[in-house]
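A.B. asks: This is target-v8.tsv (TSV, C-alpha atoms (C1' of nucleotides)).
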```
chain	number	residue	atom	x	y	z
A	53	MET	CA	91.79	79.42	113.15
A	54	LYS	CA	93.50	82.63	112.08
A	55	GLY	CA	94.45	85.32	114.52
A	56	SER	CA	92.51	88.57	114.64
A	57	PRO	CA	94.20	91.69	113.23
A	58	LEU	CA	94.65	92.97	116.78
A	59	LYS	CA	96.32	89.78	117.97
A	60	LEU	CA	98.63	89.87	114.98
A	61	TYR	CA	99.48	93.47	115.80
A	62	LYS	CA	100.36	92.60	119.37
A	63	LYS	CA	102.54	89.79	118.19
A	64	LEU	CA	104.42	92.05	115.81
A	65	TYR	CA	104.81	94.73	118.46
A	66	ARG	CA	106.23	92.20	120.90
A	67	CYS	CA	108.61	91.02	118.23
A	68	PHE	CA	109.84	94.31	116.78
A	69	GLY	CA	108.91	97.01	119.29
A	70	PRO	CA	107.88	100.60	118.46
A	71	GLN	CA	108.98	101.79	115.02
A	72	HIS	CA	108.77	105.57	115.57
A	73	TRP	CA	107.24	106.39	112.20
A	74	TRP	CA	107.26	108.63	110.25
A	75	PRO	CA	110.98	109.43	110.32
A	76	ALA	CA	110.60	113.12	109.45
A	77	LYS	CA	110.87	116.48	111.17
A	78	ASN	CA	107.47	117.88	110.24
A	79	ALA	CA	104.27	117.20	108.31
A	80	PHE	CA	105.47	118.73	105.07
A	81	GLU	CA	108.56	116.55	105.12
A	82	VAL	CA	106.30	113.51	105.55
A	83	MET	CA	104.29	114.51	102.49
A	84	VAL	CA	107.38	114.91	100.34
A	85	GLY	CA	108.78	111.62	101.65
A	86	ALA	CA	105.50	109.85	100.89
A	87	ILE	CA	105.85	110.74	97.22
A	88	LEU	CA	109.58	110.08	97.04
A	89	THR	CA	109.31	106.63	98.61
A	90	GLN	CA	106.97	105.27	95.95
A	91	ASN	CA	108.43	101.88	95.00
A	92	THR	CA	111.76	102.97	96.46
A	93	ALA	CA	113.92	101.98	99.42
A	94	TRP	CA	113.75	104.52	102.23
A	95	ALA	CA	117.54	104.85	102.40
A	96	ASN	CA	117.48	106.38	98.94
A	97	VAL	CA	114.69	108.75	99.91
A	98	GLU	CA	116.77	109.97	102.83
A	99	LYS	CA	119.52	111.04	100.47
A	100	ALA	CA	117.06	112.98	98.34
A	101	ILE	CA	115.54	114.68	101.38
A	102	ALA	CA	119.00	115.57	102.63
A	103	ASN	CA	119.67	117.24	99.28
A	104	LEU	CA	116.46	119.26	99.57
A	105	LYS	CA	117.38	120.34	103.08
A	106	LYS	CA	120.85	121.30	102.00
A	107	ALA	CA	119.32	123.43	99.26
A	108	LYS	CA	117.02	124.94	101.91
A	109	ALA	CA	114.08	123.99	99.70
A	110	LEU	CA	112.05	121.75	102.00
A	111	GLU	CA	109.08	124.10	102.25
A	112	ALA	CA	106.09	124.29	99.91
A	113	ARG	CA	106.74	127.67	98.27
A	114	LYS	CA	110.48	127.21	98.01
A	115	LEU	CA	110.13	123.75	96.58
A	116	ASN	CA	107.59	124.96	94.09
A	117	ALA	CA	109.89	127.79	93.04
A	118	LEU	CA	112.53	125.34	91.86
A	119	SER	CA	112.61	124.47	88.18
A	120	SER	CA	111.56	120.92	87.38
A	121	LYS	CA	115.06	120.24	86.15
A	122	ARG	CA	116.70	121.43	89.36
A	123	LEU	CA	114.15	119.60	91.48
A	124	ALA	CA	114.77	116.38	89.56
A	125	ARG	CA	118.50	116.77	90.07
A	126	LEU	CA	118.11	117.19	93.82
A	127	ILE	CA	115.87	114.13	94.25
A	128	ARG	CA	117.90	111.97	91.91
A	129	PRO	CA	118.98	109.41	94.55
A	130	ALA	CA	115.33	108.47	95.12
A	131	GLY	CA	115.02	107.14	91.57
A	132	TYR	CA	112.28	107.88	89.01
A	133	TYR	CA	113.44	111.45	89.49
A	134	ASN	CA	111.74	112.98	86.45
A	135	ILE	CA	108.38	111.45	87.26
A	136	LYS	CA	108.68	112.23	90.94
A	137	ALA	CA	109.66	115.83	90.23
A	138	ALA	CA	106.48	116.17	88.17
A	139	ARG	CA	104.43	114.49	90.90
A	140	LEU	CA	105.85	116.78	93.55
A	141	LYS	CA	105.01	119.78	91.38
A	142	CYS	CA	101.41	118.59	91.00
A	143	TYR	CA	101.12	118.02	94.71
A	144	LEU	CA	102.63	121.42	95.54
A	145	ARG	CA	100.22	123.13	93.21
A	146	PHE	CA	97.36	121.38	94.99
A	147	VAL	CA	98.60	122.27	98.49
A	148	LEU	CA	99.34	125.88	97.56
A	149	ASP	CA	96.23	126.51	95.48
A	150	ILE	CA	93.68	124.89	97.76
A	151	TYR	CA	95.26	125.35	101.18
A	152	GLY	CA	97.72	128.18	100.73
A	153	GLY	CA	100.42	125.73	101.73
A	154	SER	CA	98.96	125.43	105.24
A	155	VAL	CA	99.15	121.99	106.81
A	156	ARG	CA	96.89	123.20	109.60
A	157	ARG	CA	94.17	124.16	107.12
A	158	MET	CA	94.44	120.76	105.50
A	159	SER	CA	94.22	118.91	108.77
A	160	ILE	CA	90.82	120.36	109.72
A	161	VAL	CA	89.18	119.01	106.56
A	162	PRO	CA	87.23	115.74	107.05
A	163	GLU	CA	89.39	112.80	106.05
A	164	VAL	CA	86.93	111.46	103.47
A	165	THR	CA	86.90	114.79	101.65
A	166	LEU	CA	90.64	115.17	101.86
A	167	ARG	CA	91.27	111.64	100.64
A	168	ARG	CA	89.13	112.29	97.57
A	169	GLN	CA	91.03	115.50	96.90
A	170	LEU	CA	94.40	113.81	97.31
A	171	LEU	CA	93.44	111.01	94.94
A	172	SER	CA	92.53	113.56	92.29
A	173	VAL	CA	96.12	114.83	92.26
A	174	LYS	CA	98.15	113.20	89.51
A	175	GLY	CA	100.81	111.00	91.06
A	176	ILE	CA	98.95	110.45	94.34
A	177	GLY	CA	97.48	106.96	94.53
A	178	PRO	CA	95.76	105.25	97.46
A	179	GLU	CA	98.88	104.36	99.42
A	180	THR	CA	100.46	107.79	99.10
A	181	ALA	CA	97.17	109.50	99.95
A	182	ASP	CA	96.66	107.34	103.02
A	183	SER	CA	100.27	107.79	104.13
A	184	ILE	CA	99.80	111.55	103.99
A	185	LEU	CA	96.50	111.31	105.87
A	186	LEU	CA	97.89	109.08	108.59
A	187	TYR	CA	101.50	110.13	109.02
A	188	ALA	CA	101.34	113.83	108.13
A	189	LEU	CA	97.82	114.76	109.21
A	190	ASN	CA	97.13	112.23	111.98
A	191	LYS	CA	93.93	110.88	110.45
A	192	PRO	CA	92.96	107.32	111.46
A	193	VAL	CA	93.43	105.74	108.02
A	194	PHE	CA	94.99	102.32	107.55
A	195	VAL	CA	97.82	102.32	105.01
A	196	VAL	CA	98.13	99.30	102.71
A	197	ASP	CA	101.31	98.57	100.79
A	198	ALA	CA	102.87	95.75	98.81
A	199	TYR	CA	104.14	94.09	102.00
A	200	THR	CA	100.67	94.13	103.54
A	201	LYS	CA	99.23	92.30	100.56
A	202	ARG	CA	102.14	89.89	100.25
A	203	ILE	CA	102.41	88.96	103.91
A	204	PHE	CA	98.73	88.51	104.66
A	205	SER	CA	97.88	86.77	101.42
A	206	ARG	CA	100.76	84.35	101.98
A	207	HIS	CA	99.26	83.63	105.37
A	208	GLY	CA	95.87	83.07	103.82
A	209	TYR	CA	93.98	86.07	105.18
A	210	PHE	CA	92.88	87.18	101.74
A	211	ASP	CA	93.54	86.54	98.09
A	212	GLU	CA	96.87	87.66	96.65
A	213	GLY	CA	95.12	89.73	94.01
A	214	ALA	CA	92.91	91.50	96.55
A	215	GLY	CA	92.33	95.18	95.81
A	216	TYR	CA	93.50	98.06	97.97
A	217	GLU	CA	90.13	98.86	99.54
A	218	GLU	CA	89.45	95.20	100.22
A	219	VAL	CA	92.70	94.77	102.12
A	220	GLN	CA	92.18	98.05	103.94
A	221	GLY	CA	88.70	96.92	104.92
A	222	PHE	CA	90.08	93.71	106.41
A	223	PHE	CA	92.01	95.76	108.95
A	224	THR	CA	89.65	98.67	109.56
A	225	ARG	CA	86.59	96.52	110.11
A	226	LYS	CA	88.09	94.82	113.11
A	227	LEU	CA	90.35	97.46	114.59
A	228	LYS	CA	89.54	100.54	116.61
A	229	LYS	CA	89.97	103.67	114.49
A	230	ASP	CA	93.07	104.78	116.27
A	231	VAL	CA	95.85	106.91	114.83
A	232	LYS	CA	98.56	105.46	117.05
A	233	LEU	CA	97.51	101.88	116.34
A	234	PHE	CA	97.35	102.42	112.57
A	235	ASN	CA	100.64	104.28	112.62
A	236	GLU	CA	102.47	101.51	114.43
A	237	TYR	CA	100.73	98.66	112.64
A	238	HIS	CA	101.71	99.70	109.14
A	239	ALA	CA	105.27	100.42	110.23
A	240	LEU	CA	105.49	96.98	111.84
A	241	ILE	CA	104.19	95.34	108.68
A	242	VAL	CA	106.92	97.04	106.68
A	243	GLU	CA	109.53	95.91	109.20
A	244	LEU	CA	108.23	92.35	109.07
A	245	GLY	CA	108.22	92.49	105.28
A	246	LYS	CA	111.79	93.71	105.08
A	247	SER	CA	112.95	90.97	107.44
A	248	PHE	CA	110.87	87.99	106.37
A	249	CYS	CA	108.79	88.62	103.27
A	250	ARG	CA	110.91	89.92	100.40
A	251	LYS	CA	109.46	89.33	96.98
A	252	ASN	CA	111.40	86.28	95.92
A	253	LYS	CA	113.01	85.31	99.19
A	254	PRO	CA	110.35	83.68	101.29
A	255	ARG	CA	111.70	83.01	104.78
A	256	CYS	CA	108.31	82.10	106.17
A	257	SER	CA	109.75	79.33	108.31
A	258	GLU	CA	111.13	82.00	110.63
A	259	CYS	CA	108.28	84.48	110.25
A	260	PRO	CA	106.78	85.56	113.61
A	261	LEU	CA	103.29	85.16	112.14
A	262	LYS	CA	104.06	81.60	111.05
A	263	ASP	CA	101.62	79.87	113.37
A	264	ASP	CA	99.07	82.68	112.97
A	265	LYS	CA	96.92	83.73	115.90
B	144	DG	C1'	125.01	91.00	87.43
B	145	DA	C1'	120.33	90.10	88.91
B	146	DC	C1'	117.02	91.30	92.04
B	147	DC	C1'	114.49	94.35	94.89
B	148	DA	C1'	112.49	98.58	97.09
B	149	DG	C1'	107.23	101.96	102.07
B	150	DG	C1'	103.58	103.06	93.57
B	151	DC	C1'	101.42	105.21	89.95
B	152	DA	C1'	99.65	106.38	85.32
B	153	DC	C1'	98.80	104.94	80.98
B	154	DA	C1'	98.11	101.67	76.98
B	155	DT	C1'	96.02	97.72	75.43
B	156	DC	C1'	93.01	93.93	75.36
C	248	DG	C1'	87.92	95.35	84.67
C	249	DA	C1'	92.34	92.89	84.38
C	250	DT	C1'	96.99	92.80	82.91
C	251	DG	C1'	101.45	94.69	81.18
C	252	DT	C1'	104.88	98.32	80.93
C	253	DG	C1'	107.83	102.45	81.82
C	254	DC	C1'	109.88	105.04	85.19
C	255	DA	C1'	115.70	104.77	87.84
C	256	DT	C1'	118.68	104.93	91.78
C	257	DG	C1'	121.40	102.38	95.22
C	258	DG	C1'	121.84	98.35	98.45
C	259	DT	C1'	122.22	93.15	98.85
```
Take the structure from the file and write it as structure tokens.

C.D. replies:
Amino acid sequence: MKGSPLKLYKKLYRCFGPQHWWPAKNAFEVMVGAILTQNTAWANVEKAIANLKKAKALEARKLNALSSKRLARLIRPAGYYNIKAARLKCYLRFVLDIYGGSVRRMSIVPEVTLRRQLLSVKGIGPETADSILLYALNKPVFVVDAYTKRIFSRHGYFDEGAGYEEVQGFFTRKLKKDVKLFNEYHALIVELGKSFCRKNKPRCSECPLKDDK
DNA sequence: GACCAGGCACATC
DNA sequence: GATGTGCATGGT
């Protein structure tokens, strides 16, 4: 018998403790980080964010005022810098055009509406959209990433090829819609993944979820 | 030197 | 609808 998502959460929390996500100073920084961390180690994102801070450009209008070339140069350590510069530009245009760059105005929009809007921005997929909703805007949305799929499919909770919404549904169906819970849960999954579930280095013998439940 | 990381869009079948 | 590929740096 497999453990419920809540039991698994408690087990992870006991094992790793609070993760204090998202490691950023404010909501806008979370949004930028969410785009920069796409398929990229967080340590590299930190360097890119430090560059933006140093350039005093970590604010919607200032960031948007940078040329694509200069922006790409600043975020270079995060990898995929040309693509990510373009994605940031698209996102900034969205935030400035629709919300005048106001995080507060964004946060009062119903999450379903906002999610649809975010997904319509080029470069914002489901994980990035949900990360922004949860970690920047405090909406109770469960974030699914590669680790989530890998870990829980390896443990037999769903098929390895399961789609994003399917995996998300597995967690949201059985958990209380709670921002703090979703925040901590996803962060714990990432921590577990980094420690025990790398792509080609299965260390499942030591994995805390080994005996399920 | 190979492999991997807190994805996504686009082409092709 | 599923599957493959390009995008790129920096740590292990």

A.B. asks: Residues of region 95-127 of chain A that have any atom at most 10 Å from an atom of region 248-257 of chain C: could you tabulate them with the shortest-distance atom pair and the distance in Å to one decimal, using all atoms listed in the file, ordered by chain and increasing number, as CSV?

C.D. replies:
```
residue,atom,partner,partner_atom,distance
A:Ala95,CA,C:DG257,C1',8.5
A:Asn96,CA,C:DG257,C1',6.7
A:Val97,CA,C:DT256,C1',9.8
A:Ile127,CA,C:DT256,C1',9.9
```

A.B. asks: Select, as an MDAnalysis selection string, those residues of chain A with any atom no more than 10 Å from chain C (distances computed using only C-alpha atoms (C1' of nucleotides)).

C.D. replies: chainID A and resid 92:93 95:97 127:136

A.B. asks: Restrict the distance test to only C-alpha atoms (C1' of nucleotides), flag each residue of chain A within 8 Å of chain B, and return the flagged residues as number ranges by chain.

C.D. replies: A: 89-94, 175-177, 179-180, 197, 242, 250-251

A.B. asks: One decimal, in Å: what's the spacing between CA of Glu98 (chain A) and CA of Lys246 (chain A)?

C.D. replies: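 Between these atoms lies a distance of 17.2 Å.
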
A.B. asks: For Leu60 (chain A), please output as a ChimeraX atom specification all residues within 12 Å (counting only C-alpha atoms (C1' of nucleotides); exclusion window: fewer than 5 positions along the same chain).

C.D. replies: /A:54-55,65-67,203-204,207,209,223,226-227,237-238,240-241,244,260-265

A.B. asks: At what distance in Å, to one decimal, does CA of Ala102 (chain A) lie from CA of Thr200 (chain A)?

C.D. replies: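 CA of Thr200 (chain A) sits 28.2 Å away from CA of Ala102 (chain A).
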
A.B. asks: Using CA of Cys142 (chain A) and CA of Ser119 (chain A) as the two end points, give the distance in Å to one decimal.

C.D. replies: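 Here the two named atoms are 13.0 Å from each other.
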
A.B. asks: From the list A:Lys114, A:Val196, A:Val173, A:Pro75, which residue is nearest Gly221 (chain A) when using only C-alpha atoms?

C.D. replies: A:Val196
